[in-house]
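K.L.:
Hey, dropping run-v1.pdb in here, PDB, C-alpha atoms and all ligand atoms:
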ATOM      1  CA  MET A1227     -11.102  -0.806 -14.065
ATOM      2  CA  ALA A1228     -12.543  -4.157 -12.955
ATOM      3  CA  ALA A1229     -12.389  -5.084  -9.262
ATOM      4  CA  THR A1230     -10.024  -7.929  -8.399
ATOM      5  CA  LEU A1231     -11.702  -8.080  -5.008
ATOM      6  CA  SER A1232     -14.979  -6.651  -3.829
ATOM      7  CA  ILE A1233     -15.997  -6.795  -0.176
ATOM      8  CA  GLN A1234     -19.305  -5.815   1.378
ATOM      9  CA  GLN A1235     -20.131  -5.237   5.037
ATOM     10  CA  ILE A1236     -17.575  -7.629   6.512
ATOM     11  CA  SER A1237     -17.901  -7.957  10.293
ATOM     12  CA  LYS A1238     -16.010 -10.107  12.762
ATOM     13  CA  SER A1239     -16.091 -10.385  16.538
ATOM     14  CA  TYR A1240     -13.872 -12.339  18.912
ATOM     15  CA  GLY A1241     -16.268 -12.767  21.823
ATOM     16  CA  ALA A1242     -16.982  -9.247  23.041
ATOM     17  CA  ILE A1243     -14.217  -7.715  20.874
ATOM     18  CA  ARG A1244     -15.511  -6.308  17.628
ATOM     19  CA  ALA A1245     -12.518  -6.572  15.272
ATOM     20  CA  LEU A1246     -14.350  -5.514  12.066
ATOM     21  CA  ASN A1247     -17.566  -3.587  11.738
ATOM     22  CA  GLY A1248     -19.258  -3.525   8.318
ATOM     23  CA  VAL A1249     -16.170  -2.942   6.162
ATOM     24  CA  SER A1250     -16.759  -2.522   2.401
ATOM     25  CA  PHE A1251     -14.406  -1.568  -0.424
ATOM     26  CA  ASP A1252     -13.180  -2.649  -3.866
ATOM     27  CA  VAL A1253      -9.613  -3.457  -4.849
ATOM     28  CA  PRO A1254      -9.129  -2.415  -8.505
ATOM     29  CA  GLU A1255      -7.292  -4.798 -10.835
ATOM     30  CA  GLY A1256      -3.653  -3.813 -11.258
ATOM     31  CA  SER A1257      -3.534  -1.684  -8.114
ATOM     32  CA  VAL A1258      -1.161  -1.700  -5.172
ATOM     33  CA  PHE A1259      -3.767  -1.524  -2.448
ATOM     34  CA  GLY A1260      -2.753  -0.539   1.086
ATOM     35  CA  VAL A1261      -4.898  -1.628   4.030
ATOM     36  CA  LEU A1262      -3.701   0.843   6.607
ATOM     37  CA  GLY A1263      -4.413   1.249  10.256
ATOM     38  CA  PRO A1264      -2.828   1.364  13.689
ATOM     39  CA  ASN A1265      -2.177  -1.828  15.652
ATOM     40  CA  GLY A1266      -5.390  -3.643  16.482
ATOM     41  CA  SER A1267      -7.454  -1.924  13.778
ATOM     42  CA  GLY A1268      -8.429  -5.265  12.202
ATOM     43  CA  LYS A1269      -6.070  -5.551   9.209
ATOM     44  CA  THR A1270      -4.830  -9.076   9.891
ATOM     45  CA  THR A1271      -8.356 -10.220  10.724
ATOM     46  CA  LEU A1272      -9.600  -8.830   7.408
ATOM     47  CA  LEU A1273      -6.834 -10.517   5.385
ATOM     48  CA  GLY A1274      -7.492 -13.783   7.260
ATOM     49  CA  ILE A1275     -11.152 -13.655   6.240
ATOM     50  CA  LEU A1276     -10.341 -12.833   2.612
ATOM     51  CA  LEU A1277      -7.957 -15.809   2.462
ATOM     52  CA  ASP A1278     -10.456 -18.222   4.076
ATOM     53  CA  VAL A1279      -8.347 -18.674   7.208
ATOM     54  CA  LEU A1280     -11.016 -17.000   9.374
ATOM     55  CA  VAL A1281     -14.784 -16.972   9.073
ATOM     56  CA  ALA A1282     -16.618 -13.626   9.145
ATOM     57  CA  ASN A1283     -19.708 -13.097  11.280
ATOM     58  CA  GLY A1284     -21.320 -11.099   8.522
ATOM     59  CA  GLY A1285     -20.804  -9.701   5.052
ATOM     60  CA  THR A1286     -19.564 -11.145   1.773
ATOM     61  CA  TYR A1287     -16.673 -10.813  -0.645
ATOM     62  CA  GLN A1288     -15.890 -11.874  -4.203
ATOM     63  CA  TRP A1289     -12.503 -12.468  -5.795
ATOM     64  CA  PHE A1290     -12.233 -11.960  -9.573
ATOM     65  CA  GLY A1291     -15.899 -11.148 -10.065
ATOM     66  CA  GLY A1292     -17.189 -14.043  -7.949
ATOM     67  CA  ILE A1293     -15.502 -17.223  -9.235
ATOM     68  CA  PRO A1294     -15.652 -20.235  -6.842
ATOM     69  CA  ALA A1295     -13.380 -19.924  -3.776
ATOM     70  CA  HIS A1296     -11.103 -22.893  -4.614
ATOM     71  CA  GLU A1297     -10.498 -21.452  -8.116
ATOM     72  CA  ALA A1298      -9.795 -18.003  -6.685
ATOM     73  CA  ARG A1299      -7.364 -19.366  -4.107
ATOM     74  CA  LYS A1300      -5.087 -20.720  -6.870
ATOM     75  CA  LYS A1301      -4.659 -17.211  -8.239
ATOM     76  CA  ILE A1302      -3.688 -15.682  -4.886
ATOM     77  CA  GLY A1303      -0.222 -15.739  -3.322
ATOM     78  CA  ALA A1304      -0.202 -14.813   0.351
ATOM     79  CA  LEU A1305       2.260 -13.961   3.062
ATOM     80  CA  LEU A1306       0.317 -13.624   6.311
ATOM     81  CA  GLU A1307       3.024 -14.569   8.739
ATOM     82  CA  THR A1308       6.697 -15.465   8.308
ATOM     83  CA  PRO A1309       6.773 -18.974   6.851
ATOM     84  CA  ASN A1310       8.871 -21.634   8.552
ATOM     85  CA  PHE A1311      11.875 -22.239   6.369
ATOM     86  CA  TYR A1312      14.475 -24.872   7.266
ATOM     87  CA  HIS A1313      17.639 -23.121   8.457
ATOM     88  CA  TYR A1314      20.049 -25.765   7.205
ATOM     89  CA  LEU A1315      18.525 -26.018   3.715
ATOM     90  CA  SER A1316      19.193 -23.743   0.745
ATOM     91  CA  ALA A1317      16.592 -21.329  -0.635
ATOM     92  CA  PHE A1318      16.189 -23.623  -3.622
ATOM     93  CA  ASP A1319      15.453 -26.675  -1.459
ATOM     94  CA  ASN A1320      13.220 -24.698   0.886
ATOM     95  CA  LEU A1321      11.107 -23.592  -2.077
ATOM     96  CA  ALA A1322      10.768 -27.225  -3.154
ATOM     97  CA  ILE A1323       9.196 -28.003   0.217
ATOM     98  CA  THR A1324       6.901 -24.966   0.066
ATOM     99  CA  ALA A1325       5.851 -25.941  -3.468
ATOM    100  CA  ALA A1326       5.091 -29.490  -2.327
ATOM    101  CA  ILE A1327       2.985 -28.281   0.620
ATOM    102  CA  ARG A1328       1.134 -25.916  -1.682
ATOM    103  CA  GLY A1329       0.656 -28.464  -4.459
ATOM    104  CA  ALA A1330       2.539 -26.158  -6.868
ATOM    105  CA  GLY A1331       5.075 -27.460  -9.394
ATOM    106  CA  LEU A1332       8.847 -27.161  -8.955
ATOM    107  CA  GLU A1333       9.393 -25.438 -12.302
ATOM    108  CA  ASP A1334       8.796 -21.881 -11.026
ATOM    109  CA  ARG A1335      11.600 -21.913  -8.494
ATOM    110  CA  LEU A1336      14.437 -20.406 -10.555
ATOM    111  CA  GLU A1337      12.180 -17.732 -12.013
ATOM    112  CA  VAL A1338      10.852 -16.805  -8.580
ATOM    113  CA  LEU A1339      14.379 -16.602  -7.107
ATOM    114  CA  LYS A1340      15.410 -14.347  -9.994
ATOM    115  CA  ILE A1341      12.430 -12.038  -9.400
ATOM    116  CA  VAL A1342      13.241 -11.632  -5.702
ATOM    117  CA  GLY A1343      16.964 -11.163  -6.438
ATOM    118  CA  LEU A1344      18.199 -14.360  -4.789
ATOM    119  CA  LEU A1345      19.244 -16.398  -7.816
ATOM    120  CA  GLU A1346      22.955 -16.048  -7.086
ATOM    121  CA  ARG A1347      22.422 -17.123  -3.495
ATOM    122  CA  LYS A1348      19.998 -19.925  -4.261
ATOM    123  CA  ASP A1349      22.326 -22.612  -2.897
ATOM    124  CA  SER A1350      23.245 -20.765   0.318
ATOM    125  CA  LYS A1351      21.727 -22.091   3.510
ATOM    126  CA  PHE A1352      18.723 -20.122   4.758
ATOM    127  CA  GLN A1353      20.528 -19.412   8.051
ATOM    128  CA  THR A1354      23.174 -17.381   6.183
ATOM    129  CA  TYR A1355      20.567 -14.962   4.793
ATOM    130  CA  SER A1356      20.054 -11.421   6.076
ATOM    131  CA  LEU A1357      16.597 -10.522   7.408
ATOM    132  CA  GLY A1358      15.818  -8.712   4.142
ATOM    133  CA  MET A1359      16.815 -11.765   2.084
ATOM    134  CA  LYS A1360      14.662 -14.008   4.299
ATOM    135  CA  GLN A1361      11.699 -11.745   3.707
ATOM    136  CA  ARG A1362      12.339 -11.695  -0.044
ATOM    137  CA  LEU A1363      12.445 -15.487  -0.024
ATOM    138  CA  ALA A1364       9.103 -15.494   1.809
ATOM    139  CA  ILE A1365       7.645 -13.279  -0.925
ATOM    140  CA  GLY A1366       9.240 -15.629  -3.467
ATOM    141  CA  ALA A1367       7.437 -18.546  -1.825
ATOM    142  CA  ALA A1368       4.143 -16.652  -2.176
ATOM    143  CA  LEU A1369       4.916 -16.183  -5.889
ATOM    144  CA  LEU A1370       5.119 -19.928  -6.618
ATOM    145  CA  GLY A1371       2.309 -20.943  -8.965
ATOM    146  CA  LYS A1372       2.230 -17.513 -10.723
ATOM    147  CA  PRO A1373      -0.506 -15.769  -8.710
ATOM    148  CA  ARG A1374      -2.463 -12.812 -10.130
ATOM    149  CA  VAL A1375      -2.748 -11.299  -6.666
ATOM    150  CA  LEU A1376      -0.246 -11.064  -3.848
ATOM    151  CA  VAL A1377      -1.498 -10.468  -0.293
ATOM    152  CA  LEU A1378       1.167  -9.290   2.167
ATOM    153  CA  ASP A1379       0.700  -8.632   5.883
ATOM    154  CA  GLU A1380       3.273  -6.130   7.213
ATOM    155  CA  PRO A1381       5.920  -7.118   4.624
ATOM    156  CA  THR A1382       8.579  -4.713   5.944
ATOM    157  CA  ASN A1383       8.216  -5.557   9.637
ATOM    158  CA  GLY A1384      11.585  -5.636  11.381
ATOM    159  CA  LEU A1385      13.624  -4.646   8.308
ATOM    160  CA  ASP A1386      16.221  -1.877   8.200
ATOM    161  CA  PRO A1387      15.787   1.055   5.761
ATOM    162  CA  ALA A1388      17.755  -0.732   3.016
ATOM    163  CA  GLY A1389      15.644  -3.884   3.437
ATOM    164  CA  ILE A1390      12.456  -1.799   3.362
ATOM    165  CA  ALA A1391      13.585  -0.097   0.141
ATOM    166  CA  GLU A1392      14.309  -3.500  -1.452
ATOM    167  CA  ILE A1393      10.821  -4.768  -0.627
ATOM    168  CA  ARG A1394       9.327  -1.547  -1.971
ATOM    169  CA  GLU A1395      11.204  -1.941  -5.277
ATOM    170  CA  LEU A1396      10.156  -5.586  -5.474
ATOM    171  CA  ILE A1397       6.500  -4.644  -4.967
ATOM    172  CA  LYS A1398       6.722  -2.013  -7.711
ATOM    173  CA  GLN A1399       8.375  -4.474 -10.074
ATOM    174  CA  LEU A1400       5.771  -7.201  -9.416
ATOM    175  CA  ASN A1401       2.972  -4.696  -9.924
ATOM    176  CA  LYS A1402       4.502  -3.632 -13.272
ATOM    177  CA  GLN A1403       4.269  -7.270 -14.334
ATOM    178  CA  GLY A1404       0.521  -7.056 -13.788
ATOM    179  CA  ILE A1405       0.182  -8.530 -10.291
ATOM    180  CA  THR A1406      -2.380  -6.807  -8.073
ATOM    181  CA  ILE A1407      -0.906  -6.348  -4.610
ATOM    182  CA  ILE A1408      -2.742  -5.970  -1.298
ATOM    183  CA  ILE A1409      -0.561  -4.869   1.625
ATOM    184  CA  ALA A1410      -1.589  -4.465   5.246
ATOM    185  CA  SER A1411       0.625  -2.117   7.203
ATOM    186  CA  HIS A1412       0.786   0.481   9.918
ATOM    187  CA  LEU A1413       3.892   2.041   8.314
ATOM    188  CA  LEU A1414       2.236   4.849   6.437
ATOM    189  CA  ASP A1415       5.361   6.507   5.195
ATOM    190  CA  GLU A1416       6.545   3.341   3.487
ATOM    191  CA  ILE A1417       3.141   2.417   2.113
ATOM    192  CA  GLU A1418       2.591   5.892   0.712
ATOM    193  CA  LYS A1419       5.544   5.349  -1.589
ATOM    194  CA  VAL A1420       4.111   2.248  -3.294
ATOM    195  CA  CYS A1421       0.321   2.259  -3.001
ATOM    196  CA  THR A1422      -2.013   3.440  -5.724
ATOM    197  CA  HIS A1423      -5.077   2.929  -3.493
ATOM    198  CA  VAL A1424      -5.764   2.811   0.233
ATOM    199  CA  ALA A1425      -8.363   1.786   2.779
ATOM    200  CA  ILE A1426      -7.808   3.224   6.238
ATOM    201  CA  LEU A1427      -9.153   1.268   9.213
ATOM    202  CA  LYS A1428      -9.599   2.352  12.810
ATOM    203  CA  ARG A1429     -10.897  -0.047  15.452
ATOM    204  CA  GLY A1430     -12.538  -2.188  12.790
ATOM    205  CA  GLU A1431     -14.268   0.702  11.013
ATOM    206  CA  LEU A1432     -13.423   1.833   7.483
ATOM    207  CA  LEU A1433     -12.558   5.534   7.713
ATOM    208  CA  LEU A1434     -11.627   6.229   4.129
ATOM    209  CA  THR A1435     -10.895   4.479   0.855
ATOM    210  CA  GLY A1436      -9.922   5.419  -2.682
ATOM    211  CA  ASP A1437      -7.174   6.379  -5.082
ATOM    212  CA  VAL A1438      -4.245   7.728  -3.068
ATOM    213  CA  ASN A1439      -4.096  10.872  -5.201
ATOM    214  CA  GLU A1440      -7.819  11.504  -5.000
ATOM    215  CA  VAL A1441      -7.900  10.895  -1.274
ATOM    216  CA  LEU A1442      -5.137  13.439  -0.828
ATOM    217  CA  ILE A1443      -5.968  15.971  -3.503
ATOM    218  CA  SER A1444      -8.064  18.299  -1.363
ATOM    219  CA  GLU A1445      -5.165  18.465   1.059
ATOM    220  CA  ASP A1446      -2.651  19.816  -1.437
ATOM    221  CA  GLN A1447      -1.279  23.236  -0.780
ATOM    222  CA  ILE A1448       0.303  25.610  -3.270
ATOM    223  CA  GLU A1449       2.882  28.135  -2.150
ATOM    224  CA  VAL A1450       3.520  31.272  -4.198
ATOM    225  CA  ALA A1451       5.501  34.477  -3.951
ATOM    226  CA  ALA A1452       6.092  37.475  -6.220
ATOM    227  CA  GLY A1453       8.082  40.707  -6.194
ATOM    228  CA  ASN A1454       4.947  42.602  -5.175
ATOM    229  CA  MET A1455       3.265  40.465  -2.503
ATOM    230  CA  GLU A1456       0.391  42.941  -1.967
ATOM    231  CA  ALA A1457      -0.567  42.833  -5.649
ATOM    232  CA  LEU A1458      -0.327  39.018  -5.566
ATOM    233  CA  LEU A1459      -2.592  38.849  -2.514
ATOM    234  CA  VAL A1460      -5.231  41.073  -4.137
ATOM    235  CA  ALA A1461      -5.107  39.091  -7.392
ATOM    236  CA  LEU A1462      -5.424  35.688  -5.716
ATOM    237  CA  HIS A1463      -8.276  36.881  -3.472
ATOM    238  CA  ALA A1464     -10.244  37.366  -6.669
ATOM    239  CA  MET A1465      -9.249  34.042  -8.270
ATOM    240  CA  PRO A1466     -12.086  31.486  -8.469
ATOM    241  CA  GLY A1467     -11.310  28.076  -6.894
ATOM    242  CA  ILE A1468      -9.026  29.328  -4.121
ATOM    243  CA  ASN A1469     -10.610  28.006  -0.927
ATOM    244  CA  LYS A1470      -8.105  29.349   1.557
ATOM    245  CA  LEU A1471      -5.398  31.959   1.395
ATOM    246  CA  SER A1472      -2.923  32.684   4.149
ATOM    247  CA  ARG A1473       0.386  34.478   4.424
ATOM    248  CA  LYS A1474       3.277  32.564   5.931
ATOM    249  CA  GLU A1475       6.573  34.398   6.249
ATOM    250  CA  THR A1476       7.672  35.216   2.689
ATOM    251  CA  VAL A1477       5.058  33.128   0.815
ATOM    252  CA  LEU A1478       1.292  32.859   0.358
ATOM    253  CA  GLN A1479      -0.233  29.437   1.004
ATOM    254  CA  LEU A1480      -3.257  28.416  -1.060
ATOM    255  CA  ALA A1481      -5.742  25.597  -0.537
ATOM    256  CA  CYS A1482      -7.380  25.041  -3.905
ATOM    257  CA  ALA A1483     -10.530  23.371  -5.239
ATOM    258  CA  ALA A1484     -10.216  20.248  -7.418
ATOM    259  CA  GLY A1485      -8.850  21.120 -10.850
ATOM    260  CA  ILE A1486      -6.842  24.109  -9.627
ATOM    261  CA  GLY A1487      -3.130  23.365  -9.584
ATOM    262  CA  PRO A1488       0.181  25.184 -10.021
ATOM    263  CA  TYR A1489      -0.463  25.571 -13.773
ATOM    264  CA  GLN A1490      -3.788  27.363 -13.273
ATOM    265  CA  VAL A1491      -2.406  29.599 -10.517
ATOM    266  CA  ASN A1492       0.622  30.538 -12.622
ATOM    267  CA  GLU A1493      -1.499  31.200 -15.713
ATOM    268  CA  TYR A1494      -3.913  33.376 -13.718
ATOM    269  CA  CYS A1495      -1.101  35.450 -12.193
ATOM    270  CA  VAL A1496       0.596  35.965 -15.563
ATOM    271  CA  GLY A1497      -2.792  37.085 -16.901
ATOM    272  CA  LYS A1498      -2.887  39.714 -14.146
ATOM    273  CA  GLY A1499       0.643  40.873 -15.052
ATOM    274  CA  ILE A1500       2.254  39.239 -12.020
ATOM    275  CA  ILE A1501       5.387  37.138 -12.501
ATOM    276  CA  LEU A1502       5.833  34.557  -9.747
ATOM    277  CA  THR A1503       9.227  34.268  -8.078
ATOM    278  CA  HIS A1504       8.207  31.097  -6.210
ATOM    279  CA  LEU A1505       5.708  28.323  -7.001
ATOM    280  CA  ASN A1506       5.640  25.093  -5.022
ATOM    281  CA  LEU A1507       3.120  22.262  -4.660
ATOM    282  CA  ARG A1508       3.131  20.743  -1.194
ATOM    283  CA  LYS A1509       1.376  17.388  -1.035
ATOM    284  CA  LYS A1510       0.109  16.609   2.407
ATOM    285  CA  SER A1511       1.562  13.245   3.299
ATOM    286  CA  LEU A1512      -0.711  10.313   3.904
ATOM    287  CA  GLU A1513       1.008  10.029   7.286
ATOM    288  CA  THR A1514      -0.311  13.424   8.396
ATOM    289  CA  LYS A1515      -3.761  12.634   7.091
ATOM    290  CA  PHE A1516      -3.661   9.206   8.710
ATOM    291  CA  MET A1517      -2.680  10.658  12.098
ATOM    292  CA  GLU A1518      -5.496  13.209  11.880
ATOM    293  CA  LEU A1519      -7.979  10.493  10.980
ATOM    294  CA  THR A1520      -6.963   7.909  13.521
ATOM    295  CA  ASN A1521      -6.062  10.045  16.526
TER     296      ASN A1521
HETATM  297  P1  LIG A1601      -1.648  -5.509  14.285
HETATM  298  O1  LIG A1601      -1.051  -4.511  13.342
HETATM  299  O2  LIG A1601      -1.283  -5.252  15.707
HETATM  300  O3  LIG A1601      -1.487  -6.935  13.871
HETATM  301  P2  LIG A1601      -4.294  -5.487  13.156
HETATM  302  O4  LIG A1601      -4.741  -4.187  12.598
HETATM  303  O5  LIG A1601      -3.820  -6.522  12.230
HETATM  304  O6  LIG A1601      -3.235  -5.223  14.273
HETATM  305  P3  LIG A1601      -6.010  -7.523  14.262
HETATM  306  O7  LIG A1601      -4.833  -8.359  14.610
HETATM  307  O8  LIG A1601      -6.879  -7.944  13.164
HETATM  308  O9  LIG A1601      -5.539  -6.031  13.986
HETATM  309  O10 LIG A1601      -6.867  -7.325  15.587
HETATM  310  C1  LIG A1601      -8.096  -6.607  15.644
HETATM  311  C2  LIG A1601      -8.698  -6.729  17.032
HETATM  312  O11 LIG A1601      -9.090  -8.080  17.266
HETATM  313  C3  LIG A1601      -7.739  -6.390  18.171
HETATM  314  O12 LIG A1601      -8.471  -5.761  19.187
HETATM  315  C4  LIG A1601      -7.207  -7.731  18.591
HETATM  316  O13 LIG A1601      -6.821  -7.709  19.951
HETATM  317  C5  LIG A1601      -8.429  -8.617  18.389
HETATM  318  N1  LIG A1601      -8.056 -10.017  18.081
HETATM  319  C6  LIG A1601      -7.345 -10.453  17.001
HETATM  320  N2  LIG A1601      -7.227 -11.794  16.994
HETATM  321  C7  LIG A1601      -7.863 -12.233  18.114
HETATM  322  C8  LIG A1601      -8.120 -13.527  18.683
HETATM  323  N3  LIG A1601      -7.676 -14.642  18.094
HETATM  324  N4  LIG A1601      -8.816 -13.575  19.843
HETATM  325  C9  LIG A1601      -9.276 -12.452  20.427
HETATM  326  N5  LIG A1601      -9.093 -11.214  19.943
HETATM  327  C10 LIG A1601      -8.401 -11.090  18.796
END
What do you get writing this file as structure tokens?
P.N.:
Amino acid sequence: MAATLSIQQISKSYGAIRALNGVSFDVPEGSVFGVLGPNGSGKTTLLGILLDVLVANGGTYQWFGGIPAHEARKKIGALLETPNFYHYLSAFDNLAITAAIRGAGLEDRLEVLKIVGLLERKDSKFQTYSLGMKQRLAIGAALLGKPRVLVLDEPTNGLDPAGIAEIRELIKQLNKQGITIIIASHLLDEIEKVCTHVAILKRGELLLTGDVNEVLISEDQIEVAAGNMEALLVALHAMPGINKLSRKETVLQLACAAGIGPYQVNEYCVGKGIILTHLNLRKKSLETKFMELTN
């Protein structure tokens, strides 16, 4: 897959504070890419640089294979901080002002409001909106001008679980329409549910990047049990590709090499005449991995 964004060795200091230190990664086209890290890890600084709001001290980046910056900017919708909407104006009128500031046409407004689920409330004053609706309107504003990429900094900040779920669904829906989405967040649990790819930052350093499933695959654990646990233990000890085997209460826990999953384990046991009574794949959450990496 082509890279929508490619960054190499980006560094940024604020006086003595080193906010980013040689960060490099690619954002594949069509991905939902999570830039994850605890507070102060450099996420907002990185997004600011990529959107030309801040200047890096070192490194380079290319949007869409290296087209000129002003061309690239037209294809990017961004939500870096909560935009200032007028409280006494409707969503529809607020979007007219945003479009004017941005130099975008007015014709997208109804479509954008439909996408973010605010069409029926388009004439309500902004001050009557819930926090979740305000945030969806902000994403709607970023969608004016039909961007190919959406960049969101902490899009679920301050929202309740229902509001978070709405934003998550919206992100999935936009991605299905072909928009590449880059999200900075420290909320791992929420990000894990939408991201296809991640880059994890800690104090300005890139710790890890890649496909969410590939990044996590070595951490998967398979749990099995059978009527005869001793026979199962002996059989699995001899199975190639089982890296770790431990007994926990009534099950055996397996850490497997790449390419060994529940199917292979089941097939192997059946081949040895053992019928499994329990087979479960436990994916280690990104949250756990993230805590291990950043603590
Ligand atoms: P958060 O989730 O808290 O917003 P972040 O991961 O987005 O954090 P940044 O806001 O990019 O991180 O901050 C990275 C580092 O740079 C921090 O140590 C922060 O204090 C510092 N920093 C950010 N902006 C400035 C600034 N304008 N002047 C001085 N230091 C700054």
K.L.:
Box for ligand LIG 1601 (chain A): with edges along x, y and z, all listed atoms inside and 8 Å added on each side, what are the centre and edge lengths in Å to one decimal, as JSON?
P.N.:
{"center_x": -5.2, "center_y": -9.4, "center_z": 16.3, "size_x": 24.2, "size_y": 26.5, "size_z": 24.2}
K.L.:
Pick from A:Leu1478, A:Gln1399, A:Leu1357, A:Ser1472: nearest to Thr1308 of chain A, with only C-alpha atoms counted?
P.N.:
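For Thr1308 of chain A, the nearest of the candidates is A:Leu1357.
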K.L.:
What residues have any atom no more than 7 Å from ligand LIG 1601 (chain A) when counting only C-alpha atoms and all ligand atoms, and can you list them as a compact mmCIF listing (two decimals) with C-alpha atoms, in the coordinates of the input?
P.N.:
# COMPACT_ATOMS: atom_id res chain seq x y z
CA TYR A 1240 -13.87 -12.34 18.91
CA ILE A 1243 -14.22 -7.72 20.87
CA ARG A 1244 -15.51 -6.31 17.63
CA ALA A 1245 -12.52 -6.57 15.27
CA GLY A 1263 -4.41 1.25 10.26
CA PRO A 1264 -2.83 1.36 13.69
CA ASN A 1265 -2.18 -1.83 15.65
CA GLY A 1266 -5.39 -3.64 16.48
CA SER A 1267 -7.45 -1.92 13.78
CA GLY A 1268 -8.43 -5.26 12.20
CA LYS A 1269 -6.07 -5.55 9.21
CA THR A 1270 -4.83 -9.08 9.89
CA THR A 1271 -8.36 -10.22 10.72
CA LEU A 1272 -9.60 -8.83 7.41
CA SER A 1411 0.62 -2.12 7.20
CA HIS A 1412 0.79 0.48 9.92
CA GLY A 1430 -12.54 -2.19 12.79
K.L.:
Quick one, how far is atom CA of Leu1427 of chain A from atom CA of Leu1363 of chain A?
P.N.:
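Between these atoms lies a distance of 28.9 Å.
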K.L.:
Please compute the atom CA of Asn1521 of chain A-atom CA of Leu1480 of chain A distance, one decimal, in Å.
P.N.:
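Atom-to-atom, atom CA of Asn1521 of chain A to atom CA of Leu1480 of chain A, that is 25.6 Å.
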K.L.:
Once the PyMOL selection byres (((chain A and resi 1281-1296) around 12) and not hetatm) has been applied to the shown file, what residues remain in the selection, as a PyMOL selection string?
P.N.:
chain A and resi 1228-1241+1244-1256+1271-1280+1297-1302+1374-1375+1406
K.L.:
Tell me which residues the PyMOL selection byres (((chain A and resi 1330) around 12) and not hetatm) grabs here, as a list in words.
P.N.:
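Those residues are Lys1300, Lys1301, Gly1303, Leu1321, Ala1322, Ile1323, Thr1324, Ala1325, Ala1326, Ile1327, Arg1328, Gly1329, Gly1331, Leu1332, Glu1333, Asp1334, Arg1335, Ala1367, Ala1368, Leu1369, Leu1370, Gly1371, Lys1372 and Pro1373 of chain A.
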K.L.:
Could you expand the PyMOL selection byres (((chain A and resi 1481) around 8) and not hetatm) into the explicit residues it covers here, written as an mmCIF file with C-alpha atoms, in the frame of the given file?
P.N.:
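Saved to result14.cif:
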data_model
loop_
_atom_site.group_PDB
_atom_site.id
_atom_site.type_symbol
_atom_site.label_atom_id
_atom_site.label_comp_id
_atom_site.auth_asym_id
_atom_site.auth_seq_id
_atom_site.Cartn_x
_atom_site.Cartn_y
_atom_site.Cartn_z
ATOM 1 C CA SER A 1444 -8.064 18.299 -1.363
ATOM 2 C CA GLU A 1445 -5.165 18.465 1.059
ATOM 3 C CA ASP A 1446 -2.651 19.816 -1.437
ATOM 4 C CA GLN A 1447 -1.279 23.236 -0.780
ATOM 5 C CA ILE A 1448 0.303 25.610 -3.270
ATOM 6 C CA ILE A 1468 -9.026 29.328 -4.121
ATOM 7 C CA ASN A 1469 -10.610 28.006 -0.927
ATOM 8 C CA LYS A 1470 -8.105 29.349 1.557
ATOM 9 C CA LEU A 1471 -5.398 31.959 1.395
ATOM 10 C CA GLN A 1479 -0.233 29.437 1.004
ATOM 11 C CA LEU A 1480 -3.257 28.416 -1.060
ATOM 12 C CA CYS A 1482 -7.380 25.041 -3.905
ATOM 13 C CA ALA A 1483 -10.530 23.371 -5.239
#
K.L.:
How many Å lie between atom CA of Ile1341 of chain A and atom CA of Thr1354 of chain A, rounded to one decimal?
P.N.:
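Result for atom CA of Ile1341 of chain A versus atom CA of Thr1354 of chain A: 19.7 Å, one decimal.
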